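Have a look at the structure below before the remarks.
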Amino acid sequence: LGAFFAIYHLLLELLVWHTLHPGSLLRAMIIFGVSVVLYSLNEQQKRTASQLISLNYSSTHDSLTNLFNRRYFDTALLTLHTFPTTLFIFDIDNLKSCNDHFGHETGDSFIQSAAGCLSQCVRHGDILARIGGDEFGLIAYDCSTQDAERIITRLQDLLLTPARDNQNTVVHLPELSISHGYAVAYSPSDLPALYGLADQNMYQHKQAKKQKHLE
């Protein structure tokens, strides 16, 4: 904008006086130079801000699923102060077998499909994270046992729906199965045992499904 006004004043002086004063030319050159420098600084600031945003995002999110990562999840768990809050642990069943038989690319699609299902179960303000290779965690605030059961029911319904990609095309994958467990914290005294209890309940659910499959 400064460069524009500098050129404008030069043209105006030329039209009125039919000549250019050396001082006017020098002033215009200075204004133009300062404008170029300021524009360059502004562009650099934009690039720096963009880089900082990207760096912050990558430090808190999982690159495969775009969910929060383990680091962010653990921090949220350590600073928990809202009750009741329910901690869910989800684990994809037979992911290793899927990788062995269909390849890691299909395994990654499996993980992304699981992340998509779980994302549709999350309420606004809850924290869903990929906390391991085939494991996810969900911190659901103001969530009682009854609310937790509704989330589980929603997940089970979604698992019966064919998986779809970003173009809403049905993805033909092996059957997606997710084991789950949860524990509810009603007060700060429940927090130390919360993760272990949720993980234990998830493991029991996984074992129960294996036993049912054998019968």
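Following the order of the structure tokens, chains are lettered A, B, ..., residues in each are numbered from 1, and ligands are numbered from 1.
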
Each region 109-209 of chain A residue no farther than 9 Å from region 92-97 of chain A, nearest pair in Å, only C-alpha atoms, as a tab-separated table:
```
residue	atom	partner	partner_atom	distance
A:Phe110	CA	A:Leu95	CA	7.8
A:Ile111	CA	A:Ile92	CA	7.7
A:Ala114	CA	A:Ile92	CA	7.4
A:Asp134	CA	A:Ile92	CA	5.4
A:Glu135	CA	A:Ile92	CA	6.5
A:Phe136	CA	A:Ile92	CA	8.6
A:Leu176	CA	A:Ile92	CA	7.6
A:Ser177	CA	A:Asp93	CA	5.4
A:Ile178	CA	A:Ile92	CA	4.5
A:Ser179	CA	A:Ile92	CA	6.4
A:His180	CA	A:Ile92	CA	8.9
A:Lys206	CA	A:Asp93	CA	7.7
```

Deliver the residues from the most recent selection as a file, using C-alpha atoms, as a PDB file, in the first residue's frame.
```pdb
ATOM      1  CA  PHE A 110      -8.114 -51.168   9.732  1.00  0.00           C
ATOM      2  CA  ILE A 111      -6.754 -48.687  12.271  1.00  0.00           C
ATOM      3  CA  ALA A 114     -11.562 -48.089  13.868  1.00  0.00           C
ATOM      4  CA  ASP A 134      -3.999 -50.979  18.032  1.00  0.00           C
ATOM      5  CA  GLU A 135      -5.244 -49.224  21.156  1.00  0.00           C
ATOM      6  CA  PHE A 136      -7.364 -46.123  21.690  1.00  0.00           C
ATOM      7  CA  LEU A 176     -13.630 -54.994  12.249  1.00  0.00           C
ATOM      8  CA  SER A 177     -13.936 -55.993  15.882  1.00  0.00           C
ATOM      9  CA  ILE A 178     -13.061 -53.780  18.846  1.00  0.00           C
ATOM     10  CA  SER A 179     -12.802 -54.869  22.466  1.00  0.00           C
ATOM     11  CA  HIS A 180     -13.671 -52.282  25.068  1.00  0.00           C
ATOM     12  CA  LYS A 206     -11.539 -59.474  24.745  1.00  0.00           C
TER      13      LYS A 206
END
```

**Item:** Residue nearest Arg71 (chain A) - candidates A:Ala129, A:Glu105, A:Val122, A:Ala198, atoms counted: only C-alpha atoms
**Value:** A:Ala129

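Using only C-alpha atoms, the nearest neighbour of Thr65 (chain A) within the list A:Ser119, A:Thr161, A:Ser189, A:Thr86 is A:Ser119.
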
**Request:** Find the residues around Cys121 (chain A) up to 9 Å (only C-alpha atoms counted), leave out those fewer than 2 positions away in its own chain, and share them as number ranges by chain.
**Result:** A: 117-119, 123, 151-152, 154-155, 158

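Running DSSP on the backbone and keeping only strand (DSSP E or B), the residues of region 84-175 of chain A that qualify are A:Thr85, A:Thr86, A:Leu87, A:Phe88, A:Ile89, A:Phe90, A:Asp91, A:Ile92, A:Ile127, A:Leu128, A:Ala129, A:Arg130, A:Glu135, A:Phe136, A:Gly137, A:Leu138, A:Ile139, A:Ala140, A:Arg164, A:Val170.
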
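Taking CA of Ser187 (chain A) as the reference point, CA of Arg70 (chain A) is found at 23.3 Å.
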
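Per DSSP on the backbone, helix (DSSP H, G or I) in region 55-94 of chain A comprises Leu55, Asn56, Tyr57, Ser58, Ser59, Thr60, Arg70, Arg71, Tyr72, Phe73, Asp74, Thr75, Ala76, Leu77 and Leu78 of chain A.
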
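Nearest to Val184 (chain A) of all the residues A:Thr106, A:Gln146, A:Thr75, A:Thr153 is A:Gln146, based on only C-alpha atoms.
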
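Among A:Leu77, A:Cys143, A:Ile127, A:Met202, the residue with the shortest atom-to-atom distance to Tyr186 (chain A), counting only C-alpha atoms, is A:Cys143.
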
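If you measure from each of A:Gly107, A:Gly132, A:Gly196, A:Gly181 to Phe90 (chain A) using only C-alpha atoms, the closest one turns out to be A:Gly181.
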
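Residue neighbourhood of Gln200 (chain A), excluding near-sequence residues (fewer than 3 positions): Leu87, Phe88, Ile89, Phe90, Asp91, Ser179, His180, Gly181, Tyr182, Ala183, Ala193, Leu194, Tyr195, Gly196, Leu197, Tyr203, Gln204, His205, Lys206 and Gln207 of chain A, at 12 Å, using only C-alpha atoms.
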
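Comparing the minimum interatomic distances between Thr79 (chain A) and each of A:Cys98, A:Leu64, A:Leu159, A:Leu191, counting only C-alpha atoms, we find that A:Leu191 sits nearest.
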